[in-house]
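Undergrad: Input file: target_9.cif. Contents: mmCIF, C-alpha atoms.
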data_input
loop_
_atom_site.label_atom_id
_atom_site.label_comp_id
_atom_site.auth_asym_id
_atom_site.auth_seq_id
_atom_site.Cartn_x
_atom_site.Cartn_y
_atom_site.Cartn_z
CA PRO A 1 -26.78 -52.67 -12.44
CA ASN A 2 -25.53 -50.53 -15.35
CA ALA A 3 -22.00 -49.54 -16.31
CA ASP A 4 -23.01 -45.94 -16.99
CA ARG A 5 -24.89 -45.11 -13.77
CA ILE A 6 -23.98 -44.06 -10.22
CA MET A 7 -26.10 -44.70 -7.13
CA PHE A 8 -26.22 -41.92 -4.53
CA TRP A 9 -28.32 -40.78 -1.62
CA ASP A 10 -30.52 -37.75 -2.30
CA ASP A 11 -30.83 -36.27 1.20
CA SER A 12 -33.57 -33.77 0.33
CA ALA A 13 -35.75 -36.50 -1.19
CA GLY A 14 -34.77 -39.09 1.43
CA THR A 15 -34.16 -41.77 -1.17
CA VAL A 16 -31.52 -43.54 -3.22
CA THR A 17 -31.29 -42.17 -6.76
CA TRP A 18 -29.41 -43.16 -9.89
CA LEU A 19 -27.26 -40.62 -11.72
CA THR A 20 -26.50 -41.17 -15.40
CA ALA A 21 -23.01 -40.39 -16.75
CA GLY A 22 -23.21 -37.44 -19.14
CA THR A 23 -21.24 -36.63 -22.26
CA GLY A 24 -17.50 -37.06 -21.78
CA LEU A 25 -17.87 -39.33 -18.73
CA SER A 26 -17.57 -43.11 -18.52
CA ILE A 27 -17.73 -45.59 -15.63
CA THR A 28 -15.75 -48.82 -15.55
CA GLY A 29 -16.08 -50.82 -12.34
CA THR A 30 -15.37 -48.33 -9.56
CA THR A 31 -13.60 -45.78 -11.78
CA ILE A 32 -15.12 -42.65 -13.32
CA ASP A 33 -13.21 -41.28 -16.33
CA ALA A 34 -13.63 -37.87 -17.93
CA ALA A 35 -12.65 -37.57 -21.58
CA GLY A 36 -10.03 -34.95 -22.25
CA GLY A 37 -11.02 -31.91 -24.31
CA GLY A 38 -9.28 -29.37 -26.47
CA GLY A 39 -6.98 -31.78 -28.25
CA LEU A 40 -6.06 -31.41 -31.91
CA THR A 41 -6.85 -33.83 -34.70
CA LEU A 42 -4.13 -34.06 -37.34
CA GLY A 43 -5.14 -34.38 -40.98
CA THR A 44 -3.28 -36.22 -43.73
CA ASP A 45 -0.04 -34.72 -45.02
CA THR A 46 -0.74 -34.02 -48.71
CA ALA A 47 1.84 -33.39 -51.44
CA THR A 48 1.81 -30.06 -53.29
CA THR A 49 3.87 -31.26 -56.23
CA SER A 50 1.40 -30.88 -59.12
CA GLY A 51 -1.71 -28.99 -60.14
CA ALA A 52 -2.77 -25.43 -59.41
CA SER A 53 -4.69 -26.15 -56.19
CA VAL A 54 -4.69 -28.63 -53.32
CA SER A 55 -7.83 -28.96 -51.16
CA LEU A 56 -8.05 -30.41 -47.66
CA THR A 57 -11.65 -31.50 -47.14
CA SER A 58 -13.89 -33.39 -44.67
CA ILE A 59 -13.23 -31.01 -41.78
CA PRO A 60 -15.99 -31.99 -39.29
CA SER A 61 -18.62 -29.58 -37.98
CA GLY A 62 -18.00 -28.20 -34.50
CA VAL A 63 -14.39 -27.27 -35.25
CA LYS A 64 -13.45 -23.88 -33.81
CA GLN A 65 -9.78 -23.59 -34.76
CA ILE A 66 -7.70 -24.83 -37.69
CA THR A 67 -3.97 -24.58 -38.32
CA VAL A 68 -2.76 -24.96 -41.90
CA SER A 69 0.94 -25.77 -42.40
CA TRP A 70 2.75 -25.75 -45.74
CA ARG A 71 6.30 -27.10 -45.77
CA ASP A 72 8.98 -26.53 -48.46
CA GLY A 73 6.33 -25.43 -50.93
CA SER A 74 6.97 -23.97 -54.36
CA ASN A 75 5.24 -23.17 -57.62
CA GLY A 76 8.22 -21.81 -59.55
CA GLY A 77 7.79 -18.20 -58.45
CA GLY A 78 4.12 -17.20 -58.80
CA THR A 79 1.75 -15.81 -56.19
CA ILE A 80 -0.03 -18.19 -53.82
CA GLY A 81 -3.39 -17.89 -52.06
CA LEU A 82 -5.54 -19.66 -49.49
CA GLN A 83 -9.32 -20.13 -49.66
CA ILE A 84 -11.86 -21.64 -47.28
CA GLY A 85 -15.26 -23.10 -48.04
CA ASP A 86 -18.28 -25.15 -47.08
CA SER A 87 -20.37 -27.89 -48.69
CA GLY A 88 -21.11 -25.52 -51.56
CA GLY A 89 -17.41 -25.32 -52.46
CA LEU A 90 -14.55 -22.90 -51.95
CA GLU A 91 -15.60 -19.26 -51.59
CA THR A 92 -13.99 -16.80 -53.99
CA SER A 93 -15.07 -13.42 -52.60
CA GLY A 94 -15.54 -11.55 -49.33
CA TYR A 95 -12.06 -11.97 -47.84
CA VAL A 96 -11.31 -8.90 -45.72
CA GLY A 97 -7.74 -8.22 -44.66
CA SER A 98 -4.28 -7.68 -46.06
CA THR A 99 -0.82 -9.18 -46.29
CA THR A 100 2.41 -7.27 -45.81
CA VAL A 101 5.49 -8.56 -47.61
CA ILE A 102 9.01 -7.71 -46.47
CA LEU A 103 11.71 -8.27 -49.08
CA ALA A 104 15.46 -8.35 -48.55
CA ALA A 105 16.23 -4.84 -49.87
CA PRO A 106 14.37 -4.02 -47.53
CA THR A 107 11.20 -3.29 -49.46
CA VAL A 108 7.77 -3.44 -47.84
CA THR A 109 4.58 -3.93 -49.87
CA ARG A 110 0.96 -4.50 -48.87
CA THR A 111 -1.79 -6.30 -50.77
CA ALA A 112 -5.45 -6.30 -49.78
CA TRP A 113 -7.45 -9.53 -49.67
CA SER A 114 -10.51 -9.94 -51.84
CA THR A 115 -10.87 -13.29 -53.59
CA GLN A 116 -8.48 -15.15 -51.28
CA VAL A 117 -6.01 -14.85 -48.44
CA ASN A 118 -2.83 -13.59 -50.13
CA VAL A 119 -0.37 -16.03 -48.59
CA ILE A 120 2.52 -15.16 -50.88
CA PRO A 121 1.43 -12.13 -52.92
CA ALA A 122 4.82 -11.18 -54.36
CA THR A 123 7.86 -13.26 -55.07
CA ALA A 124 10.61 -13.71 -57.64
CA GLY A 125 12.31 -16.77 -59.05
CA ALA A 126 11.90 -20.38 -58.01
CA THR A 127 11.55 -19.93 -54.26
CA VAL A 128 10.80 -22.42 -51.50
CA HIS A 129 8.31 -21.33 -48.82
CA GLN A 130 7.24 -22.24 -45.31
CA MET A 131 3.76 -21.08 -44.30
CA SER A 132 1.44 -21.34 -41.32
CA ALA A 133 -2.12 -19.99 -41.13
CA THR A 134 -4.48 -20.09 -38.15
CA LEU A 135 -8.25 -19.89 -38.62
CA THR A 136 -10.35 -19.18 -35.52
CA LEU A 137 -14.16 -19.20 -35.47
CA MET A 138 -15.35 -15.75 -34.35
CA ASN A 139 -19.10 -16.13 -34.77
CA ALA A 140 -20.83 -19.50 -35.21
CA SER A 141 -24.14 -18.02 -36.43
CA SER A 142 -22.48 -16.16 -39.32
CA ASN A 143 -19.66 -18.70 -39.84
CA LYS A 144 -17.15 -15.85 -39.55
CA TRP A 145 -13.52 -16.98 -39.37
CA PHE A 146 -10.60 -14.80 -38.23
CA ILE A 147 -7.43 -15.61 -40.16
CA THR A 148 -3.78 -14.91 -39.35
CA MET A 149 -0.91 -16.16 -41.47
CA ASN A 150 2.82 -15.86 -41.89
CA SER A 151 5.24 -17.26 -44.42
CA SER A 152 8.89 -17.04 -45.28
CA SER A 153 11.06 -17.93 -48.24
CA THR A 154 14.20 -19.86 -47.41
CA THR A 155 15.67 -19.09 -50.84
CA ASN A 156 14.67 -15.45 -51.41
CA ASN A 157 14.94 -13.62 -48.04
CA GLU A 158 11.24 -12.81 -48.04
CA MET A 159 8.58 -12.79 -45.32
CA SER A 160 4.79 -12.27 -45.40
CA ILE A 161 2.39 -11.48 -42.53
CA GLY A 162 -1.39 -11.27 -42.95
CA VAL A 163 -4.49 -10.71 -40.82
CA GLY A 164 -8.17 -10.65 -41.73
CA TYR A 165 -11.49 -12.53 -41.72
CA LYS A 166 -14.02 -14.29 -43.93
CA SER A 167 -17.69 -15.16 -43.39
CA LEU A 168 -18.98 -18.34 -45.03
CA SER A 169 -22.49 -19.16 -46.20
CA ALA A 170 -22.47 -22.44 -44.20
CA THR A 171 -20.26 -24.49 -41.84
CA LEU A 172 -16.60 -24.62 -42.89
CA ASP A 173 -15.51 -28.05 -44.14
CA ARG A 174 -12.57 -27.36 -46.47
CA VAL A 175 -9.39 -25.33 -46.95
CA ALA A 176 -7.34 -25.03 -50.15
CA ILE A 177 -4.00 -23.59 -51.21
CA LEU A 178 -3.92 -22.11 -54.71
CA SER A 179 -1.16 -21.41 -57.22
CA ASN A 180 -2.21 -18.29 -59.11
CA SER A 181 0.38 -18.79 -61.86
CA GLY A 182 1.78 -22.16 -62.81
CA SER A 183 1.58 -25.47 -61.00
CA PHE A 184 2.90 -26.52 -57.62
CA ASP A 185 6.20 -28.37 -57.90
CA ALA A 186 7.32 -29.03 -54.31
CA GLY A 187 6.23 -29.36 -50.72
CA SER A 188 3.35 -30.74 -48.67
CA ILE A 189 0.44 -29.29 -46.73
CA ASN A 190 -1.54 -30.44 -43.71
CA ILE A 191 -4.09 -29.21 -41.19
CA ALA A 192 -4.68 -29.73 -37.48
CA TYR A 193 -8.06 -28.82 -36.00
CA GLY A 194 -9.86 -28.81 -32.67
CA SER A 195 -13.11 -27.87 -31.02
#
Here is the file; what I need is its structure written in the form of structure tokens.

TA:
Amino acid sequence: PNADRIMFWDDSAGTVTWLTAGTGLSITGTTIDAAGGGGLTLGTDTATTSGASVSLTSIPSGVKQITVSWRDGSNGGGTIGLQIGDSGGLETSGYVGSTTVILAAPTVTRTAWSTQVNVIPATAGATVHQMSATLTLMNASSNKWFITMNSSSTTNNEMSIGVGYKSLSATLDRVAILSNSGSFDAGSINIAYGS
């Protein structure tokens, strides 16, 4: 009689019983469908062509992994960071990790995280960057996120690799990219997230 129930014979009870379709299941006529899981939701591609920060907000609760992608980004040559936050705003302390930068010479430098993820901690001139960062929930009770990132400059023969973590005071709902000197003048950023 109902589109969301199945009739079956319960042999141990010796009776006909109704089963109710649970979460992720639906019944249409004689077909039972199971909703797919693990897919990614794509955010809105946002320009990074002005201002000193660009925030991507309204990330829903229950998300366990986020990928941040920054394409053809530039701020005229200054350092660039990434911060995460919750309903109380972006968090500006407690980032544990480091970023290693490999320059063309080759020169290798390392910068420790503290107030942000150092996405591009050292650069010279007006460079254009590509960056990808992956945030994975490690502990839901402490809102601890493991962060890996890598970036490269297509105009300055430069590459950055970073690994670390950050615990939030509440559920993550935002990510921001920050220009630590000057304003952004090129590129766009987006996120994809899943549960």

Undergrad: Pick out the closest residue to Ser181 (chain A) from this set: A:Ser69, A:Thr49, A:Pro106, A:Asn75. Count all atoms listed in the file.

TA: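 So, comparing all the options, the nearest one is A:Asn75.
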
Undergrad: List as JSON, numbers by chain the protein and nucleic acid residues near Ile177 (chain A), meaning an atom at most 8 Å away when all atoms listed in the file are counted, but skip any in the same chain fewer than 6 places from it.

TA: {"A": [53, 54, 55, 80, 81, 82, 83]}

Undergrad: How many Å separate CA of Leu56 (chain A) from CA of Thr111 (chain A)?

TA: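 Separation between CA of Leu56 (chain A) and CA of Thr111 (chain A): 25.1 Å.
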
Undergrad: Check the smallest atom-to-atom distance from each of A:Asn143, A:Thr28, A:Thr100, A:Thr92 to Ser61 (chain A) using all atoms listed in the file, then report the winner.

TA: A:Asn143

Undergrad: Work out how far apart CA of Arg174 (chain A) and CA of Ala112 (chain A) are and give it in Å to one decimal.

TA: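 Separating CA of Arg174 (chain A) from CA of Ala112 (chain A) is a distance of 22.5 Å.
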
Undergrad: Please expand the PyMOL selection byres ((chain A and resi 88) around 12) into the concrete residues it hits in this file, giving the result as a list in words.

TA: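 In the shown coordinates, the PyMOL selection byres ((chain A and resi 88) around 12) covers Ile84, Gly85, Asp86, Ser87, Gly89, Leu90, Glu91, Thr92, Leu168, Ser169, Ala170, Thr171, Leu172, Asp173 and Arg174 of chain A.
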
Undergrad: Give me a file of those residues, with C-alpha atoms, as a PDB file, keeping the file's coordinate frame.

TA:
ATOM      1  CA  ILE A  84     -11.860 -21.640 -47.280  1.00  0.00           C
ATOM      2  CA  GLY A  85     -15.260 -23.100 -48.040  1.00  0.00           C
ATOM      3  CA  ASP A  86     -18.280 -25.150 -47.080  1.00  0.00           C
ATOM      4  CA  SER A  87     -20.370 -27.890 -48.690  1.00  0.00           C
ATOM      5  CA  GLY A  89     -17.410 -25.320 -52.460  1.00  0.00           C
ATOM      6  CA  LEU A  90     -14.550 -22.900 -51.950  1.00  0.00           C
ATOM      7  CA  GLU A  91     -15.600 -19.260 -51.590  1.00  0.00           C
ATOM      8  CA  THR A  92     -13.990 -16.800 -53.990  1.00  0.00           C
ATOM      9  CA  LEU A 168     -18.980 -18.340 -45.030  1.00  0.00           C
ATOM     10  CA  SER A 169     -22.490 -19.160 -46.200  1.00  0.00           C
ATOM     11  CA  ALA A 170     -22.470 -22.440 -44.200  1.00  0.00           C
ATOM     12  CA  THR A 171     -20.260 -24.490 -41.840  1.00  0.00           C
ATOM     13  CA  LEU A 172     -16.600 -24.620 -42.890  1.00  0.00           C
ATOM     14  CA  ASP A 173     -15.510 -28.050 -44.140  1.00  0.00           C
ATOM     15  CA  ARG A 174     -12.570 -27.360 -46.470  1.00  0.00           C
TER      16      ARG A 174
END

Undergrad: Which residues match the PyMOL selection byres ((chain A and resi 51) around 9) in the file above, as a list in words?

TA: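 The output of the PyMOL selection byres ((chain A and resi 51) around 9) on this file is Thr48, Thr49, Ser50, Ala52, Ser53, Val54, Ser179, Gly182, Ser183, Phe184 and Asp185 of chain A.
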
Undergrad: So how many Å separate CA of Met131 (chain A) and CA of Lys166 (chain A), to one decimal?

TA: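 Straight-line distance from CA of Met131 (chain A) to CA of Lys166 (chain A) works out to 19.0 Å.
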
Undergrad: At a cut-off of 12 Å, using all atoms listed in the file, what residues contact Ile120 (chain A)? Leave out same-chain residues fewer than 2 positions from it and give the result as a PyMOL selection string.

TA: chain A and resi 70+73-75+77-82+98-103+109-113+116-118+122-124+127-133+149-153+158-162+177-181

Undergrad: Here's the selection I'm unsure about, the PyMOL selection byres ((chain A and resi 188) around 6); applied to the file above, which residues does it give, as an MDAnalysis selection string?

TA: chainID A and resid 46:48 70:71 187 189

Undergrad: Could you check which of A:Ala192, A:Ala176, A:Val119, A:Ala104 is closest to Thr154 (chain A), using all atoms listed in the file?

TA: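 Under the stated criterion, the closest residue is A:Ala104.
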
Undergrad: Name the closest residue to Thr67 (chain A) among the candidates A:Thr15, A:Thr148, A:Ser142, A:Thr115; distances are taken between atoms, counting all atoms listed in the file.

TA: A:Thr148

Undergrad: Of the candidates A:Val16, A:Ile66, A:Ile147, A:Ile191, which one gets nearest to Val96 (chain A) if we count only C-alpha atoms?

TA: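 Answer, going by the shortest atom-to-atom distance: A:Ile147.
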
Undergrad: Given all atoms listed in the file as the basis, pick out the residue of A:Asn157, A:Ile59, A:Ala13, A:Gly76 nearest to Thr107 (chain A).

TA: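 Smallest separation from Thr107 (chain A) among the options: A:Asn157.
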
Undergrad: Starting from the incomplete input, reconstruct N, CA, C and O atoms of region 95-120 of chain A and report them as a PDB file, in the coordinates of the input.

TA:
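Just written: selection-v7.pdb:
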ATOM      1  N   TYR A  95     -13.190 -11.883 -48.773  1.00  0.00           N
ATOM      2  CA  TYR A  95     -12.060 -11.970 -47.840  1.00  0.00           C
ATOM      3  C   TYR A  95     -11.644 -10.548 -47.478  1.00  0.00           C
ATOM      4  O   TYR A  95     -11.369  -9.724 -48.362  1.00  0.00           O
ATOM      5  N   VAL A  96     -11.630 -10.246 -46.193  1.00  0.00           N
ATOM      6  CA  VAL A  96     -11.310  -8.900 -45.720  1.00  0.00           C
ATOM      7  C   VAL A  96     -10.022  -8.966 -44.915  1.00  0.00           C
ATOM      8  O   VAL A  96      -9.936  -9.686 -43.921  1.00  0.00           O
ATOM      9  N   GLY A  97      -9.018  -8.224 -45.348  1.00  0.00           N
ATOM     10  CA  GLY A  97      -7.740  -8.220 -44.660  1.00  0.00           C
ATOM     11  C   GLY A  97      -6.641  -7.831 -45.617  1.00  0.00           C
ATOM     12  O   GLY A  97      -6.895  -7.377 -46.738  1.00  0.00           O
ATOM     13  N   SER A  98      -5.402  -7.997 -45.193  1.00  0.00           N
ATOM     14  CA  SER A  98      -4.280  -7.680 -46.060  1.00  0.00           C
ATOM     15  C   SER A  98      -3.041  -8.442 -45.627  1.00  0.00           C
ATOM     16  O   SER A  98      -2.954  -8.934 -44.502  1.00  0.00           O
ATOM     17  N   THR A  99      -2.105  -8.535 -46.550  1.00  0.00           N
ATOM     18  CA  THR A  99      -0.820  -9.180 -46.290  1.00  0.00           C
ATOM     19  C   THR A  99       0.288  -8.185 -46.568  1.00  0.00           C
ATOM     20  O   THR A  99       0.280  -7.484 -47.582  1.00  0.00           O
ATOM     21  N   THR A 100       1.239  -8.105 -45.651  1.00  0.00           N
ATOM     22  CA  THR A 100       2.410  -7.270 -45.810  1.00  0.00           C
ATOM     23  C   THR A 100       3.601  -8.158 -46.140  1.00  0.00           C
ATOM     24  O   THR A 100       3.830  -9.164 -45.470  1.00  0.00           O
ATOM     25  N   VAL A 101       4.332  -7.792 -47.172  1.00  0.00           N
ATOM     26  CA  VAL A 101       5.490  -8.560 -47.610  1.00  0.00           C
ATOM     27  C   VAL A 101       6.751  -7.737 -47.360  1.00  0.00           C
ATOM     28  O   VAL A 101       6.819  -6.567 -47.734  1.00  0.00           O
ATOM     29  N   ILE A 102       7.720  -8.356 -46.724  1.00  0.00           N
ATOM     30  CA  ILE A 102       9.010  -7.710 -46.470  1.00  0.00           C
ATOM     31  C   ILE A 102      10.057  -8.443 -47.296  1.00  0.00           C
ATOM     32  O   ILE A 102      10.293  -9.633 -47.105  1.00  0.00           O
ATOM     33  N   LEU A 103      10.664  -7.714 -48.232  1.00  0.00           N
ATOM     34  CA  LEU A 103      11.710  -8.270 -49.080  1.00  0.00           C
ATOM     35  C   LEU A 103      13.077  -7.886 -48.550  1.00  0.00           C
ATOM     36  O   LEU A 103      13.210  -7.004 -47.698  1.00  0.00           O
ATOM     37  N   ALA A 104      14.109  -8.492 -49.089  1.00  0.00           N
ATOM     38  CA  ALA A 104      15.460  -8.350 -48.550  1.00  0.00           C
ATOM     39  C   ALA A 104      16.024  -6.947 -48.649  1.00  0.00           C
ATOM     40  O   ALA A 104      16.904  -6.586 -47.883  1.00  0.00           O
ATOM     41  N   ALA A 105      15.576  -6.116 -49.547  1.00  0.00           N
ATOM     42  CA  ALA A 105      16.230  -4.840 -49.870  1.00  0.00           C
ATOM     43  C   ALA A 105      16.523  -3.858 -48.721  1.00  0.00           C
ATOM     44  O   ALA A 105      17.596  -3.310 -48.711  1.00  0.00           O
ATOM     45  N   PRO A 106      15.727  -3.505 -47.727  1.00  0.00           N
ATOM     46  CA  PRO A 106      14.370  -4.020 -47.530  1.00  0.00           C
ATOM     47  C   PRO A 106      13.322  -3.207 -48.277  1.00  0.00           C
ATOM     48  O   PRO A 106      13.419  -1.997 -48.370  1.00  0.00           O
ATOM     49  N   THR A 107      12.349  -3.891 -48.810  1.00  0.00           N
ATOM     50  CA  THR A 107      11.200  -3.290 -49.460  1.00  0.00           C
ATOM     51  C   THR A 107       9.951  -3.864 -48.807  1.00  0.00           C
ATOM     52  O   THR A 107       9.876  -5.062 -48.565  1.00  0.00           O
ATOM     53  N   VAL A 108       9.002  -3.006 -48.487  1.00  0.00           N
ATOM     54  CA  VAL A 108       7.770  -3.440 -47.840  1.00  0.00           C
ATOM     55  C   VAL A 108       6.603  -3.122 -48.770  1.00  0.00           C
ATOM     56  O   VAL A 108       6.462  -1.993 -49.241  1.00  0.00           O
ATOM     57  N   THR A 109       5.780  -4.137 -49.055  1.00  0.00           N
ATOM     58  CA  THR A 109       4.580  -3.930 -49.870  1.00  0.00           C
ATOM     59  C   THR A 109       3.377  -4.497 -49.124  1.00  0.00           C
ATOM     60  O   THR A 109       3.515  -5.344 -48.249  1.00  0.00           O
ATOM     61  N   ARG A 110       2.190  -4.021 -49.496  1.00  0.00           N
ATOM     62  CA  ARG A 110       0.960  -4.500 -48.870  1.00  0.00           C
ATOM     63  C   ARG A 110      -0.054  -4.803 -49.960  1.00  0.00           C
ATOM     64  O   ARG A 110      -0.214  -4.026 -50.898  1.00  0.00           O
ATOM     65  N   THR A 111      -0.725  -5.956 -49.839  1.00  0.00           N
ATOM     66  CA  THR A 111      -1.790  -6.300 -50.770  1.00  0.00           C
ATOM     67  C   THR A 111      -3.059  -6.625 -49.987  1.00  0.00           C
ATOM     68  O   THR A 111      -3.011  -7.350 -48.993  1.00  0.00           O
ATOM     69  N   ALA A 112      -4.170  -6.060 -50.441  1.00  0.00           N
ATOM     70  CA  ALA A 112      -5.450  -6.300 -49.780  1.00  0.00           C
ATOM     71  C   ALA A 112      -6.029  -7.630 -50.229  1.00  0.00           C
ATOM     72  O   ALA A 112      -5.825  -8.059 -51.360  1.00  0.00           O
ATOM     73  N   TRP A 113      -6.751  -8.295 -49.329  1.00  0.00           N
ATOM     74  CA  TRP A 113      -7.450  -9.530 -49.670  1.00  0.00           C
ATOM     75  C   TRP A 113      -8.762  -9.190 -50.362  1.00  0.00           C
ATOM     76  O   TRP A 113      -9.370  -8.173 -50.103  1.00  0.00           O
ATOM     77  N   SER A 114      -9.207 -10.087 -51.198  1.00  0.00           N
ATOM     78  CA  SER A 114     -10.510  -9.940 -51.840  1.00  0.00           C
ATOM     79  C   SER A 114     -11.068 -11.313 -52.207  1.00  0.00           C
ATOM     80  O   SER A 114     -12.049 -11.762 -51.639  1.00  0.00           O
ATOM     81  N   THR A 115     -10.415 -11.990 -53.131  1.00  0.00           N
ATOM     82  CA  THR A 115     -10.870 -13.290 -53.590  1.00  0.00           C
ATOM     83  C   THR A 115     -10.207 -14.452 -52.863  1.00  0.00           C
ATOM     84  O   THR A 115     -10.573 -15.609 -53.070  1.00  0.00           O
ATOM     85  N   GLN A 116      -9.240 -14.128 -52.001  1.00  0.00           N
ATOM     86  CA  GLN A 116      -8.480 -15.150 -51.280  1.00  0.00           C
ATOM     87  C   GLN A 116      -7.633 -14.493 -50.211  1.00  0.00           C
ATOM     88  O   GLN A 116      -7.491 -13.276 -50.175  1.00  0.00           O
ATOM     89  N   VAL A 117      -7.050 -15.313 -49.346  1.00  0.00           N
ATOM     90  CA  VAL A 117      -6.010 -14.850 -48.440  1.00  0.00           C
ATOM     91  C   VAL A 117      -4.721 -14.836 -49.248  1.00  0.00           C
ATOM     92  O   VAL A 117      -4.326 -15.856 -49.814  1.00  0.00           O
ATOM     93  N   ASN A 118      -4.078 -13.688 -49.364  1.00  0.00           N
ATOM     94  CA  ASN A 118      -2.830 -13.590 -50.130  1.00  0.00           C
ATOM     95  C   ASN A 118      -1.686 -14.120 -49.271  1.00  0.00           C
ATOM     96  O   ASN A 118      -1.072 -13.386 -48.512  1.00  0.00           O
ATOM     97  N   VAL A 119      -1.415 -15.399 -49.396  1.00  0.00           N
ATOM     98  CA  VAL A 119      -0.370 -16.030 -48.590  1.00  0.00           C
ATOM     99  C   VAL A 119       1.000 -15.558 -49.027  1.00  0.00           C
ATOM    100  O   VAL A 119       1.830 -15.150 -48.215  1.00  0.00           O
ATOM    101  N   ILE A 120       1.252 -15.629 -50.322  1.00  0.00           N
ATOM    102  CA  ILE A 120       2.520 -15.160 -50.880  1.00  0.00           C
ATOM    103  C   ILE A 120       2.164 -14.303 -52.083  1.00  0.00           C
ATOM    104  O   ILE A 120       2.060 -14.778 -53.211  1.00  0.00           O
TER     105      ILE A 120
END
